[in-house]
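Colleague: Quick one, start.cif (mmCIF, C-alpha atoms):
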```
data_target
loop_
_atom_site.label_atom_id
_atom_site.label_comp_id
_atom_site.auth_asym_id
_atom_site.auth_seq_id
_atom_site.Cartn_x
_atom_site.Cartn_y
_atom_site.Cartn_z
CA MET A 1 18.74 -9.25 20.92
CA ILE A 2 21.64 -8.44 18.56
CA ALA A 3 21.13 -11.76 16.79
CA LEU A 4 17.45 -11.00 16.21
CA LEU A 5 18.31 -7.48 15.03
CA LYS A 6 20.79 -8.88 12.49
CA LYS A 7 18.21 -11.44 11.37
CA GLU A 8 15.63 -8.72 10.71
CA ILE A 9 18.14 -6.57 8.80
CA ARG A 10 19.21 -9.57 6.71
CA SER A 11 15.54 -10.29 6.05
CA PHE A 12 15.08 -6.76 4.69
CA LEU A 13 18.21 -6.90 2.55
CA SER A 14 17.75 -10.47 1.29
CA SER A 15 14.35 -9.57 -0.17
CA LEU A 16 13.40 -6.87 -2.64
CA ILE A 17 11.44 -4.78 -0.14
CA GLY A 18 14.46 -3.07 1.40
CA TYR A 19 15.99 -2.12 -1.92
CA VAL A 20 12.64 -1.12 -3.41
CA VAL A 21 11.87 1.22 -0.50
CA ILE A 22 15.27 2.92 -0.73
CA ALA A 23 15.08 3.18 -4.52
CA VAL A 24 11.53 4.55 -4.53
CA PHE A 25 12.41 7.13 -1.87
CA LEU A 26 15.46 8.38 -3.77
CA MET A 27 13.67 8.30 -7.12
CA LEU A 28 10.60 10.23 -5.97
CA VAL A 29 12.58 12.90 -4.15
CA GLY A 30 15.11 13.12 -6.97
CA LEU A 31 12.45 13.52 -9.67
CA PHE A 32 10.71 16.34 -7.80
CA MET A 33 13.99 18.09 -6.99
CA TRP A 34 15.70 17.85 -10.37
CA VAL A 35 13.29 16.76 -13.13
CA PHE A 36 9.65 17.74 -12.60
CA PRO A 37 9.06 21.48 -13.04
CA GLY A 38 7.47 23.26 -10.12
CA ASP A 39 8.12 24.76 -6.71
CA PHE A 40 10.24 21.79 -5.57
CA ASN A 41 12.64 21.92 -8.52
CA VAL A 42 15.99 23.26 -7.32
CA LEU A 43 17.11 24.33 -10.79
CA ASP A 44 13.88 26.24 -11.45
CA SER A 45 13.93 28.02 -8.10
CA GLY A 46 17.36 29.52 -8.63
CA PHE A 47 18.30 28.98 -4.99
CA ALA A 48 20.88 26.51 -3.66
CA SER A 49 18.55 25.07 -1.05
CA LEU A 50 17.70 21.59 0.22
CA GLY A 51 14.29 22.76 1.41
CA PRO A 52 12.47 20.59 -1.19
CA LEU A 53 14.15 17.45 0.15
CA PHE A 54 13.09 18.11 3.72
CA THR A 55 9.59 19.16 2.67
CA LEU A 56 8.97 16.08 0.51
CA ALA A 57 10.68 13.43 2.66
CA PRO A 58 8.09 13.31 5.50
CA TRP A 59 5.29 12.71 2.97
CA VAL A 60 7.22 10.02 1.09
CA PHE A 61 8.21 8.35 4.37
CA MET A 62 4.54 8.41 5.37
CA PHE A 63 3.90 5.62 2.87
CA LEU A 64 7.27 3.91 2.53
CA ILE A 65 7.94 3.30 6.23
CA PRO A 66 4.54 1.59 6.75
CA ALA A 67 5.44 -0.58 3.74
CA VAL A 68 8.63 -1.62 5.53
CA THR A 69 7.14 -2.19 8.98
CA MET A 70 3.82 -3.82 8.00
CA ARG A 71 5.30 -7.32 8.00
CA LEU A 72 7.34 -7.14 11.21
CA PHE A 73 4.75 -8.70 13.52
CA SER A 74 1.75 -9.31 11.25
CA GLU A 75 3.66 -11.90 9.22
CA GLU A 76 4.81 -13.65 12.40
CA LYS A 77 1.20 -13.72 13.64
CA ARG A 78 -0.17 -14.94 10.31
CA THR A 79 2.29 -17.81 10.02
CA GLY A 80 2.06 -18.73 13.71
CA THR A 81 5.78 -18.24 14.32
CA ILE A 82 5.18 -15.48 16.84
CA GLU A 83 4.77 -17.99 19.68
CA LEU A 84 8.11 -19.53 18.74
CA LEU A 85 9.62 -16.05 18.69
CA PHE A 86 8.47 -15.35 22.24
CA THR A 87 9.95 -18.61 23.52
CA ARG A 88 13.41 -17.15 22.93
CA PRO A 89 15.35 -16.02 26.01
CA LEU A 90 14.41 -12.41 25.34
CA THR A 91 11.96 -10.07 26.98
CA ASP A 92 9.03 -8.68 24.99
CA PHE A 93 10.69 -5.28 24.89
CA GLN A 94 13.93 -6.75 23.53
CA ILE A 95 12.01 -8.44 20.70
CA ILE A 96 10.08 -5.24 19.95
CA LEU A 97 13.22 -3.10 20.00
CA SER A 98 15.05 -5.57 17.73
CA LYS A 99 12.37 -5.17 15.08
CA TYR A 100 12.15 -1.44 15.71
CA PHE A 101 15.88 -0.84 15.27
CA ALA A 102 15.91 -3.02 12.14
CA GLY A 103 13.31 -0.72 10.60
CA LEU A 104 15.27 2.31 11.77
CA VAL A 105 18.47 1.02 10.14
CA LEU A 106 16.63 0.79 6.82
CA VAL A 107 15.51 4.43 7.22
CA LEU A 108 19.15 5.38 7.81
CA PHE A 109 20.17 3.45 4.68
CA ALA A 110 17.60 5.48 2.72
CA LEU A 111 18.91 8.80 4.06
CA ILE A 112 22.64 8.24 3.47
CA PRO A 113 22.46 8.37 -0.38
CA THR A 114 20.70 11.76 -0.18
CA LEU A 115 24.07 13.21 0.82
CA VAL A 116 24.66 13.26 -2.95
CA PHE A 117 21.92 15.91 -3.12
CA VAL A 118 23.73 17.90 -0.42
CA PHE A 119 26.98 17.82 -2.38
CA THR A 120 25.20 18.78 -5.61
CA VAL A 121 23.42 21.75 -4.08
CA TYR A 122 26.65 22.74 -2.33
CA MET A 123 28.46 22.85 -5.68
CA LEU A 124 25.60 24.72 -7.37
CA GLY A 125 25.77 27.55 -4.88
CA ASN A 126 26.96 30.96 -5.99
CA PRO A 127 29.61 31.14 -4.70
CA VAL A 128 30.29 27.41 -4.32
CA GLY A 129 29.43 26.35 -0.79
CA ASN A 130 26.71 28.94 -0.31
CA LEU A 131 24.57 26.54 1.71
CA ASP A 132 23.06 26.81 5.17
CA THR A 133 24.97 23.88 6.66
CA GLY A 134 23.54 24.38 10.15
CA GLY A 135 19.99 24.26 8.87
CA THR A 136 20.85 21.28 6.64
CA TRP A 137 22.24 19.12 9.43
CA GLY A 138 19.45 20.20 11.76
CA SER A 139 16.96 19.12 9.09
CA TYR A 140 18.70 15.75 8.75
CA ILE A 141 18.52 15.22 12.50
CA GLY A 142 14.86 16.21 12.45
CA LEU A 143 14.15 13.88 9.52
CA PHE A 144 15.89 11.01 11.31
CA PHE A 145 13.77 11.57 14.43
CA LEU A 146 10.65 11.83 12.25
CA GLY A 147 11.54 8.52 10.60
CA ALA A 148 12.14 7.00 14.03
CA GLY A 149 8.67 8.13 15.11
CA TYR A 150 7.09 6.70 11.95
CA VAL A 151 8.85 3.35 12.51
CA SER A 152 7.48 3.12 16.07
CA ILE A 153 3.98 3.77 14.71
CA GLY A 154 4.50 1.15 12.00
CA VAL A 155 5.69 -1.49 14.47
CA PHE A 156 2.61 -0.84 16.61
CA ALA A 157 0.28 -1.13 13.60
CA SER A 158 1.94 -4.40 12.62
CA SER A 159 1.39 -5.78 16.12
CA ILE A 160 -2.40 -5.34 16.05
CA SER A 161 -3.17 -7.19 12.82
CA THR A 162 -2.38 -10.45 11.06
CA ASN A 163 -3.00 -8.79 7.70
CA GLN A 164 -0.10 -6.80 6.25
CA ILE A 165 -2.38 -4.57 4.14
CA VAL A 166 -4.41 -3.63 7.21
CA ALA A 167 -1.19 -2.94 9.12
CA PHE A 168 0.01 -0.73 6.26
CA LEU A 169 -3.23 1.27 6.12
CA VAL A 170 -3.42 1.74 9.90
CA SER A 171 0.22 2.81 10.02
CA ALA A 172 -0.12 5.27 7.10
CA LEU A 173 -3.25 6.82 8.62
CA LEU A 174 -1.65 7.17 12.06
CA CYS A 175 1.50 8.70 10.54
CA PHE A 176 -0.64 11.16 8.57
CA PHE A 177 -2.66 12.12 11.64
CA MET A 178 0.41 12.53 13.85
CA TYR A 179 2.12 14.66 11.20
CA GLN A 180 -0.74 16.76 9.89
CA GLY A 181 -3.83 16.02 11.98
CA PHE A 182 -3.15 18.26 14.97
CA GLU A 183 -2.19 21.14 12.71
CA ALA A 184 -5.45 20.69 10.79
CA ILE A 185 -7.46 20.69 14.03
CA THR A 186 -5.87 23.88 15.32
CA SER A 187 -6.39 25.64 11.95
CA PHE A 188 -10.11 25.89 12.85
CA GLU A 189 -9.15 27.92 15.96
CA LEU A 190 -11.89 26.32 18.02
CA MET A 191 -9.92 25.76 21.21
CA GLY A 192 -8.68 29.23 21.96
CA GLU A 193 -5.67 29.16 24.26
CA PHE A 194 -5.37 25.37 23.88
CA ASP A 195 -4.65 25.62 20.14
CA GLN A 196 -0.91 25.91 20.71
CA PHE A 197 -0.97 22.90 23.03
CA PHE A 198 -2.72 20.75 20.42
CA LEU A 199 -0.33 22.00 17.74
CA SER A 200 2.62 20.90 19.88
CA LEU A 201 1.23 17.33 19.95
CA GLY A 202 1.87 16.94 16.22
CA ILE A 203 5.10 15.76 14.64
CA ALA A 204 5.18 18.58 12.06
CA GLU A 205 5.58 21.32 14.67
CA HIS A 206 8.70 19.72 16.16
CA TYR A 207 10.12 18.60 12.81
CA LYS A 208 9.84 22.14 11.41
CA SER A 209 11.48 23.49 14.55
CA MET A 210 14.48 21.17 14.16
CA SER A 211 14.67 21.96 10.44
CA ARG A 212 15.64 25.52 11.29
CA GLY A 213 18.96 24.19 12.56
CA LEU A 214 18.19 24.71 16.24
CA ILE A 215 18.04 21.43 18.16
CA ASP A 216 15.75 22.21 21.07
CA THR A 217 15.63 19.76 23.98
CA ARG A 218 11.83 19.96 23.92
CA ASP A 219 11.74 18.64 20.36
CA VAL A 220 14.07 15.74 21.19
CA VAL A 221 12.02 14.90 24.29
CA TYR A 222 8.84 14.96 22.18
CA PHE A 223 10.18 12.34 19.77
CA VAL A 224 11.54 10.18 22.61
CA VAL A 225 8.11 10.28 24.30
CA LEU A 226 6.37 9.52 20.99
CA ILE A 227 8.59 6.50 20.31
CA THR A 228 8.26 5.28 23.90
CA PHE A 229 4.47 5.62 23.79
CA PHE A 230 4.06 3.52 20.66
CA THR A 231 6.63 0.99 21.89
CA VAL A 232 4.61 0.52 25.09
CA MET A 233 1.41 0.27 23.03
CA THR A 234 3.07 -2.45 20.96
CA LYS A 235 3.97 -4.31 24.14
CA LEU A 236 0.37 -4.11 25.33
CA ALA A 237 -0.95 -5.25 21.95
CA LEU A 238 1.34 -8.28 21.96
CA ALA A 239 0.57 -9.04 25.61
CA SER A 240 -3.12 -9.30 24.68
CA ARG A 241 -2.37 -12.63 22.99
CA LYS A 242 -2.10 -14.12 26.49
CA TRP A 243 -5.48 -12.84 27.64
#
```
Any chance you could give the structure as structure tokens?

Modeller:
Amino acid sequence: MIALLKKEIRSFLSSLIGYVVIAVFLMLVGLFMWVFPGDFNVLDSGFASLGPLFTLAPWVFMFLIPAVTMRLFSEEKRTGTIELLFTRPLTDFQIILSKYFAGLVLVLFALIPTLVFVFTVYMLGNPVGNLDTGGTWGSYIGLFFLGAGYVSIGVFASSISTNQIVAFLVSALLCFFMYQGFEAITSFELMGEFDQFFLSLGIAEHYKSMSRGLIDTRDVVYFVVLITFFTVMTKLALASRKW
């Protein structure tokens, strides 16, 4: 499993896609935070806050993570190497988790350079260091879990299609629905006392909760269940090749 994980990571880093994804993420967030005028611009707001980073990142990840994961299984299926892959002395779950963790490592690589933004905002504070560190690290943990959830959705989408573009579109739509869809449904207030339940099914509710700096066990359990659900769905999708 470790060998396959290393192979997938090398595959990301030996091609342009890994570097492009990281660069695009940092560039988009950086431009909105420091260059483009508006509500997200830290210098315009006058507050030493990393709120813009944690507001923008889920939306940027919504498109970049599907771009990373779209090839994981769809390319193997298109080229016919997937049967060779499953002849290895590994279980289906080990193969799935190898690809999943490879995608997750790339997400981590994208997040690490944003610590420069943390240092910059920390130094811009008046006085220096006037930054909500608890909320910042809670937001980072929440963003990591959100990225982990997106990767599980992307791996699933890649497993159901031989076309990378289709896998990308399915993954992006599922990520959007899981992040914003349940909140949109409950905004109509059609379900009465069940509105809060439906709201809790969405990623945004739990991500926002963690972004306040309070790591609630319920939020962690939610993301673990979400990742497990899509991992099992990926296993079922791949098992269908034998039917």

Colleague: Evaluating the PyMOL selection byres ((chain A and resi 90-98) around 9) on the displayed file yields which residues, as a ChimeraX atom specification?

Modeller: /A:1-6,8,85-89,99-103,155,231-232,234-235,238-239

Colleague: Compile the contact shell of range 163-168 of chain A as JSON, numbers by chain: residues with an atom at most 9 Å away, counting only C-alpha atoms, same-chain residues fewer than 4 positions apart removed.

Modeller: {"A": [63, 65, 66, 67, 68, 69, 70, 71, 72, 73, 74, 75, 77, 78, 154, 155, 156, 157, 158, 159, 172, 173]}

Colleague: Within 7 Å of range 29-32 of chain A, counting all atoms listed in the file, which residues qualify if same-chain residues fewer than 5 places away don't, as number ranges by chain?

Modeller: A: 40-41, 53, 56

Colleague: Kindly resolve the PyMOL selection byres ((chain A and resi 109-126) around 10) on the present coordinates and return the residues as a PyMOL selection string.

Modeller: chain A and resi 18-19+21-26+29-30+33-34+42-43+46-50+53+57+61+103-108+127-133+136+140+143-144+147

Colleague: For CA of Glu83 in chain A and CA of Cys175 in chain A, determine how far apart the two atoms are, in Å to one decimal place.

Modeller: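 Computing the Euclidean distance for CA of Glu83 in chain A and CA of Cys175 in chain A yields 28.4 Å.
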
Colleague: Restricting the calculation to all atoms listed in the file, which member of A:Phe177, A:Tyr222, A:Phe198, A:Phe54 is positioned closest to Trp137 in chain A?

Modeller: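 That would be A:Phe54, the residue with the smallest distance to Trp137 in chain A.
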
Colleague: Quick one: everything within 12 Å of range 213-218 of chain A, counting only C-alpha atoms, minus sequence neighbours fewer than 4 positions away in the same chain. Send it as a list in words.

Modeller: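 Near range 213-218 of chain A, the qualifying residues are Asp132, Thr133, Gly134, Gly135, Thr136, Trp137, Gly138, Ser139, Tyr140, Ile141, Gly142, Leu143, Phe145, Ser200, Leu201, Glu205, His206, Tyr207, Lys208, Ser209, Tyr222, Phe223, Val224 and Val225 of chain A.
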
Colleague: Could you work out how far CA of Leu13 in chain A lies from CA of Ser161 in chain A, giving the answer in Å with one decimal?

Modeller: 23.7 Å

Colleague: Nearest residue to Ile17 in chain A out of A:Phe230, A:Leu64, A:Glu76, A:Ile203, using only C-alpha atoms?

Modeller: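 The answer is A:Leu64, which sits nearest to Ile17 in chain A.
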
Colleague: CA of Gly202 in chain A and CA of Val20 in chain A are how many Å apart?

Modeller: 28.8 Å

Colleague: Which of these, A:Ser14, A:Gln196, A:Thr162, A:Thr186, has the shortest distance to Thr79 in chain A once you count all atoms listed in the file?

Modeller: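 When distances to Thr79 in chain A are compared using all atoms listed in the file, the smallest one comes from A:Thr162.
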